[in-house]
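One file, model-v2.cif, is given below (mmCIF, N, CA and C atoms).
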```cif
data_run
loop_
_atom_site.label_atom_id
_atom_site.label_comp_id
_atom_site.auth_asym_id
_atom_site.auth_seq_id
_atom_site.Cartn_x
_atom_site.Cartn_y
_atom_site.Cartn_z
N MET D 1 -223.37 -57.78 45.12
CA MET D 1 -223.95 -58.56 44.04
C MET D 1 -223.63 -60.04 44.28
N ASN D 2 -224.66 -60.85 44.22
CA ASN D 2 -224.43 -62.26 44.48
C ASN D 2 -223.82 -62.94 43.24
N PRO D 3 -223.23 -64.11 43.40
CA PRO D 3 -222.52 -64.79 42.30
C PRO D 3 -223.43 -65.13 41.12
N ARG D 4 -224.68 -65.42 41.39
CA ARG D 4 -225.60 -65.77 40.30
C ARG D 4 -225.84 -64.57 39.40
N ARG D 5 -226.06 -63.40 39.98
CA ARG D 5 -226.28 -62.18 39.19
C ARG D 5 -225.01 -61.80 38.43
N ARG D 6 -223.87 -61.99 39.07
CA ARG D 6 -222.60 -61.68 38.41
C ARG D 6 -222.41 -62.57 37.18
N LYS D 7 -222.71 -63.85 37.30
CA LYS D 7 -222.60 -64.76 36.16
C LYS D 7 -223.57 -64.36 35.05
N LEU D 8 -224.78 -64.00 35.44
CA LEU D 8 -225.77 -63.57 34.46
C LEU D 8 -225.33 -62.30 33.74
N LEU D 9 -224.76 -61.37 34.47
CA LEU D 9 -224.25 -60.14 33.87
C LEU D 9 -223.13 -60.44 32.87
N TRP D 10 -222.18 -61.29 33.26
CA TRP D 10 -221.10 -61.66 32.35
C TRP D 10 -221.63 -62.38 31.12
N PHE D 11 -222.65 -63.20 31.30
CA PHE D 11 -223.26 -63.89 30.16
C PHE D 11 -223.83 -62.89 29.17
N PHE D 12 -224.58 -61.91 29.65
CA PHE D 12 -225.17 -60.91 28.76
C PHE D 12 -224.10 -60.04 28.09
N ILE D 13 -223.06 -59.72 28.84
CA ILE D 13 -221.95 -58.97 28.24
C ILE D 13 -221.30 -59.79 27.13
N GLY D 14 -221.12 -61.07 27.36
CA GLY D 14 -220.56 -61.96 26.33
C GLY D 14 -221.43 -62.03 25.09
N VAL D 15 -222.74 -62.15 25.30
CA VAL D 15 -223.67 -62.21 24.17
C VAL D 15 -223.61 -60.93 23.34
N VAL D 16 -223.59 -59.79 24.01
CA VAL D 16 -223.52 -58.51 23.30
C VAL D 16 -222.22 -58.39 22.52
N LEU D 17 -221.11 -58.81 23.12
CA LEU D 17 -219.82 -58.74 22.42
C LEU D 17 -219.79 -59.64 21.19
N VAL D 18 -220.32 -60.84 21.31
CA VAL D 18 -220.36 -61.74 20.16
C VAL D 18 -221.24 -61.16 19.06
N TYR D 19 -222.38 -60.59 19.44
CA TYR D 19 -223.27 -59.98 18.45
C TYR D 19 -222.57 -58.83 17.73
N GLU D 20 -221.86 -58.00 18.47
CA GLU D 20 -221.14 -56.88 17.86
C GLU D 20 -220.04 -57.36 16.92
N MET D 21 -219.36 -58.43 17.28
CA MET D 21 -218.31 -58.97 16.41
C MET D 21 -218.91 -59.52 15.12
N VAL D 22 -220.04 -60.18 15.22
CA VAL D 22 -220.70 -60.72 14.03
C VAL D 22 -221.15 -59.57 13.12
N CYS D 23 -221.72 -58.53 13.70
CA CYS D 23 -222.14 -57.37 12.91
C CYS D 23 -220.95 -56.72 12.21
N ALA D 24 -219.85 -56.57 12.91
CA ALA D 24 -218.65 -55.98 12.31
C ALA D 24 -218.15 -56.84 11.17
N ASP D 25 -218.18 -58.16 11.34
CA ASP D 25 -217.74 -59.06 10.28
C ASP D 25 -218.62 -58.93 9.04
N VAL D 26 -219.92 -58.85 9.23
CA VAL D 26 -220.84 -58.73 8.09
C VAL D 26 -220.62 -57.41 7.36
N VAL D 27 -220.41 -56.34 8.09
CA VAL D 27 -220.17 -55.04 7.45
C VAL D 27 -218.86 -55.07 6.67
N LEU D 28 -217.83 -55.68 7.24
CA LEU D 28 -216.55 -55.76 6.53
C LEU D 28 -216.66 -56.63 5.28
N ARG D 29 -217.44 -57.68 5.34
CA ARG D 29 -217.64 -58.52 4.16
C ARG D 29 -218.42 -57.78 3.08
N ALA D 30 -219.40 -56.98 3.48
CA ALA D 30 -220.15 -56.18 2.51
C ALA D 30 -219.23 -55.16 1.85
N ARG D 31 -218.36 -54.55 2.64
CA ARG D 31 -217.39 -53.59 2.09
C ARG D 31 -216.48 -54.27 1.08
N TYR D 32 -215.98 -55.45 1.42
CA TYR D 32 -215.10 -56.19 0.52
C TYR D 32 -215.82 -56.51 -0.79
N ALA D 33 -217.05 -57.00 -0.70
CA ALA D 33 -217.80 -57.35 -1.91
C ALA D 33 -218.06 -56.11 -2.76
N TYR D 34 -218.41 -55.00 -2.13
CA TYR D 34 -218.66 -53.76 -2.88
C TYR D 34 -217.40 -53.31 -3.61
N LEU D 35 -216.27 -53.33 -2.92
CA LEU D 35 -215.01 -52.90 -3.54
C LEU D 35 -214.57 -53.85 -4.65
N GLU D 36 -214.83 -55.13 -4.51
CA GLU D 36 -214.52 -56.08 -5.58
C GLU D 36 -215.39 -55.80 -6.81
N GLY D 37 -216.64 -55.43 -6.57
CA GLY D 37 -217.51 -55.06 -7.69
C GLY D 37 -217.02 -53.82 -8.41
N GLU D 38 -216.44 -52.91 -7.67
CA GLU D 38 -215.87 -51.70 -8.28
C GLU D 38 -214.67 -52.04 -9.16
N LYS D 39 -213.90 -53.04 -8.77
CA LYS D 39 -212.69 -53.41 -9.50
C LYS D 39 -212.98 -54.32 -10.70
N ALA D 40 -214.12 -54.98 -10.71
CA ALA D 40 -214.41 -55.99 -11.73
C ALA D 40 -214.49 -55.35 -13.11
N SER D 41 -213.82 -55.95 -14.06
CA SER D 41 -213.85 -55.43 -15.43
C SER D 41 -215.00 -56.04 -16.23
N ASN D 42 -215.45 -57.20 -15.84
CA ASN D 42 -216.55 -57.88 -16.51
C ASN D 42 -217.86 -57.42 -15.86
N PRO D 43 -218.82 -56.91 -16.66
CA PRO D 43 -220.09 -56.44 -16.09
C PRO D 43 -220.86 -57.51 -15.32
N ARG D 44 -220.75 -58.75 -15.77
CA ARG D 44 -221.44 -59.84 -15.07
C ARG D 44 -220.86 -60.03 -13.66
N GLU D 45 -219.54 -59.99 -13.56
CA GLU D 45 -218.90 -60.12 -12.25
C GLU D 45 -219.21 -58.93 -11.35
N ALA D 46 -219.23 -57.74 -11.93
CA ALA D 46 -219.55 -56.54 -11.14
C ALA D 46 -220.95 -56.65 -10.56
N TYR D 47 -221.90 -57.09 -11.39
CA TYR D 47 -223.27 -57.26 -10.91
C TYR D 47 -223.33 -58.32 -9.81
N ALA D 48 -222.60 -59.42 -9.98
CA ALA D 48 -222.61 -60.49 -8.98
C ALA D 48 -222.04 -60.00 -7.65
N TRP D 49 -220.96 -59.23 -7.68
CA TRP D 49 -220.40 -58.70 -6.44
C TRP D 49 -221.36 -57.72 -5.79
N ASP D 50 -222.01 -56.87 -6.59
CA ASP D 50 -222.97 -55.91 -6.03
C ASP D 50 -224.15 -56.64 -5.40
N GLU D 51 -224.63 -57.66 -6.08
CA GLU D 51 -225.75 -58.43 -5.54
C GLU D 51 -225.36 -59.12 -4.23
N THR D 52 -224.14 -59.61 -4.18
CA THR D 52 -223.64 -60.25 -2.97
C THR D 52 -223.61 -59.26 -1.81
N ALA D 53 -223.06 -58.09 -2.06
CA ALA D 53 -222.97 -57.07 -1.00
C ALA D 53 -224.35 -56.61 -0.56
N ALA D 54 -225.28 -56.52 -1.50
CA ALA D 54 -226.61 -55.98 -1.19
C ALA D 54 -227.53 -56.99 -0.51
N THR D 55 -227.34 -58.28 -0.78
CA THR D 55 -228.29 -59.26 -0.27
C THR D 55 -227.72 -60.21 0.78
N LEU D 56 -226.51 -60.70 0.56
CA LEU D 56 -225.97 -61.69 1.49
C LEU D 56 -225.46 -61.08 2.78
N PHE D 57 -224.98 -59.87 2.73
CA PHE D 57 -224.36 -59.28 3.91
C PHE D 57 -225.23 -58.22 4.56
N THR D 58 -226.49 -58.55 4.70
CA THR D 58 -227.44 -57.75 5.48
C THR D 58 -228.34 -58.74 6.22
N PRO D 59 -228.90 -58.47 7.33
CA PRO D 59 -228.65 -57.35 8.21
C PRO D 59 -227.32 -57.50 8.91
N PRO D 60 -226.76 -56.51 9.46
CA PRO D 60 -227.27 -55.14 9.56
C PRO D 60 -227.07 -54.39 8.25
N GLU D 61 -227.95 -53.48 8.00
CA GLU D 61 -227.83 -52.62 6.82
C GLU D 61 -226.61 -51.73 7.02
N SER D 62 -225.73 -51.73 6.02
CA SER D 62 -224.53 -50.91 6.12
C SER D 62 -224.45 -49.97 4.93
N ARG D 63 -223.52 -49.07 5.02
CA ARG D 63 -223.29 -48.14 3.91
C ARG D 63 -222.98 -48.90 2.63
N TRP D 64 -222.21 -49.97 2.75
CA TRP D 64 -221.76 -50.73 1.58
C TRP D 64 -222.91 -51.51 0.93
N SER D 65 -223.76 -52.10 1.73
CA SER D 65 -224.89 -52.83 1.16
C SER D 65 -225.88 -51.88 0.50
N ARG D 66 -226.05 -50.70 1.09
CA ARG D 66 -226.94 -49.69 0.49
C ARG D 66 -226.38 -49.19 -0.83
N LEU D 67 -225.09 -48.90 -0.88
CA LEU D 67 -224.47 -48.43 -2.12
C LEU D 67 -224.53 -49.50 -3.21
N ALA D 68 -224.30 -50.74 -2.83
CA ALA D 68 -224.37 -51.83 -3.81
C ALA D 68 -225.79 -51.98 -4.35
N ARG D 69 -226.79 -51.87 -3.48
CA ARG D 69 -228.18 -51.98 -3.92
C ARG D 69 -228.53 -50.86 -4.89
N GLU D 70 -228.01 -49.66 -4.64
CA GLU D 70 -228.28 -48.53 -5.53
C GLU D 70 -227.56 -48.70 -6.88
N LYS D 71 -226.43 -49.37 -6.87
CA LYS D 71 -225.63 -49.54 -8.08
C LYS D 71 -226.09 -50.72 -8.95
N MET D 72 -226.85 -51.63 -8.38
CA MET D 72 -227.24 -52.85 -9.10
C MET D 72 -227.98 -52.60 -10.41
N PRO D 73 -228.97 -51.71 -10.49
CA PRO D 73 -229.65 -51.51 -11.77
C PRO D 73 -228.71 -51.05 -12.89
N ALA D 74 -227.80 -50.15 -12.59
CA ALA D 74 -226.86 -49.68 -13.61
C ALA D 74 -225.91 -50.81 -14.03
N ALA D 75 -225.49 -51.62 -13.07
CA ALA D 75 -224.60 -52.74 -13.38
C ALA D 75 -225.32 -53.77 -14.25
N LYS D 76 -226.60 -53.97 -13.99
CA LYS D 76 -227.38 -54.92 -14.79
C LYS D 76 -227.53 -54.41 -16.22
N GLU D 77 -227.74 -53.12 -16.38
CA GLU D 77 -227.85 -52.54 -17.73
C GLU D 77 -226.53 -52.68 -18.49
N LYS D 78 -225.41 -52.49 -17.81
CA LYS D 78 -224.10 -52.67 -18.46
C LYS D 78 -223.92 -54.13 -18.88
N TRP D 79 -224.39 -55.04 -18.04
CA TRP D 79 -224.31 -56.46 -18.36
C TRP D 79 -225.14 -56.77 -19.60
N LYS D 80 -226.36 -56.22 -19.66
CA LYS D 80 -227.22 -56.42 -20.85
C LYS D 80 -226.56 -55.85 -22.10
N ALA D 81 -226.00 -54.65 -21.98
CA ALA D 81 -225.35 -54.03 -23.14
C ALA D 81 -224.16 -54.87 -23.60
N ASP D 82 -223.43 -55.44 -22.66
CA ASP D 82 -222.29 -56.29 -23.00
C ASP D 82 -222.76 -57.54 -23.74
N LEU D 83 -223.84 -58.15 -23.27
CA LEU D 83 -224.37 -59.34 -23.95
C LEU D 83 -224.86 -59.00 -25.35
N GLN D 84 -225.55 -57.86 -25.50
CA GLN D 84 -226.03 -57.44 -26.81
C GLN D 84 -224.87 -57.16 -27.75
N ALA D 85 -223.82 -56.54 -27.25
CA ALA D 85 -222.65 -56.25 -28.09
C ALA D 85 -221.97 -57.53 -28.56
N LYS D 86 -222.04 -58.58 -27.76
CA LYS D 86 -221.44 -59.86 -28.14
C LYS D 86 -222.39 -60.71 -28.97
N GLY D 87 -223.64 -60.27 -29.12
CA GLY D 87 -224.62 -61.01 -29.89
C GLY D 87 -225.17 -62.23 -29.17
N VAL D 88 -225.16 -62.20 -27.87
CA VAL D 88 -225.66 -63.32 -27.08
C VAL D 88 -227.15 -63.11 -26.82
N PRO D 89 -227.99 -64.07 -27.25
CA PRO D 89 -229.42 -63.92 -26.98
C PRO D 89 -229.72 -64.17 -25.49
N PHE D 90 -230.61 -63.37 -24.93
CA PHE D 90 -230.95 -63.50 -23.52
C PHE D 90 -232.32 -62.89 -23.27
N ASP D 91 -232.91 -63.21 -22.14
CA ASP D 91 -234.09 -62.50 -21.66
C ASP D 91 -233.83 -62.15 -20.19
N ASP D 92 -234.67 -61.31 -19.64
CA ASP D 92 -234.42 -60.81 -18.28
C ASP D 92 -234.40 -61.90 -17.22
N ALA D 93 -235.15 -62.98 -17.44
CA ALA D 93 -235.18 -64.05 -16.46
C ALA D 93 -233.80 -64.74 -16.34
N MET D 94 -233.01 -64.68 -17.38
CA MET D 94 -231.68 -65.29 -17.36
C MET D 94 -230.70 -64.48 -16.52
N LEU D 95 -231.00 -63.23 -16.29
CA LEU D 95 -230.06 -62.35 -15.60
C LEU D 95 -230.36 -62.21 -14.12
N GLN D 96 -231.07 -63.13 -13.57
CA GLN D 96 -231.41 -63.08 -12.14
C GLN D 96 -230.39 -63.80 -11.32
#
```
Is it possible to express this structure as structure tokens?
Amino acid sequence: MNPRRRKLLWFFIGVVLVYEMVCADVVLRARYAYLEGEKASNPREAYAWDETAATLFTPPESRWSRLAREKMPAAKEKWKADLQAKGVPFDDAMLQ
């Protein structure tokens, strides 16, 4: 193998490794956001963490971003119920 091909091979290996590290970082951040949403006692904060995990930390699509996306409608309903219980007037456009 000539030196030029060897350099090109190492370059591609480096690119693949960097891409894999970035993907792993995004998945770990989605996991962190999902778990923070699980711990949140305030429905507004729980919804914000779920939205973060579902939208900011994709692609790649991970288990955590998928679970957060599935949980978002229920979290939004809890947030609405909390606002209604406190007597705070709102409409759906405010909860985006």
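Atom N of Arg31 of chain D sits 9.5 Å away from atom N of Leu67 of chain D.
You will find atom N of Asp25 of chain D at 13.6 Å from atom C of Arg63 of chain D.
Going from atom CA of Val88 of chain D over to atom C of Ala54 of chain D, you cover 27.4 Å.
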List the spatial neighbours of Asn42 of chain D as a PyMOL selection string - criterion: any atom at most 8 Å away, all atoms listed in the file, same-chain residues fewer than 4 positions off excluded. chain D and resi 46-48+78-79
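Across D:Arg44, D:Glu38, D:Pro59, D:Gly87, the tightest approach to Ala75 of chain D is made by D:Arg44 when counting all atoms listed in the file.
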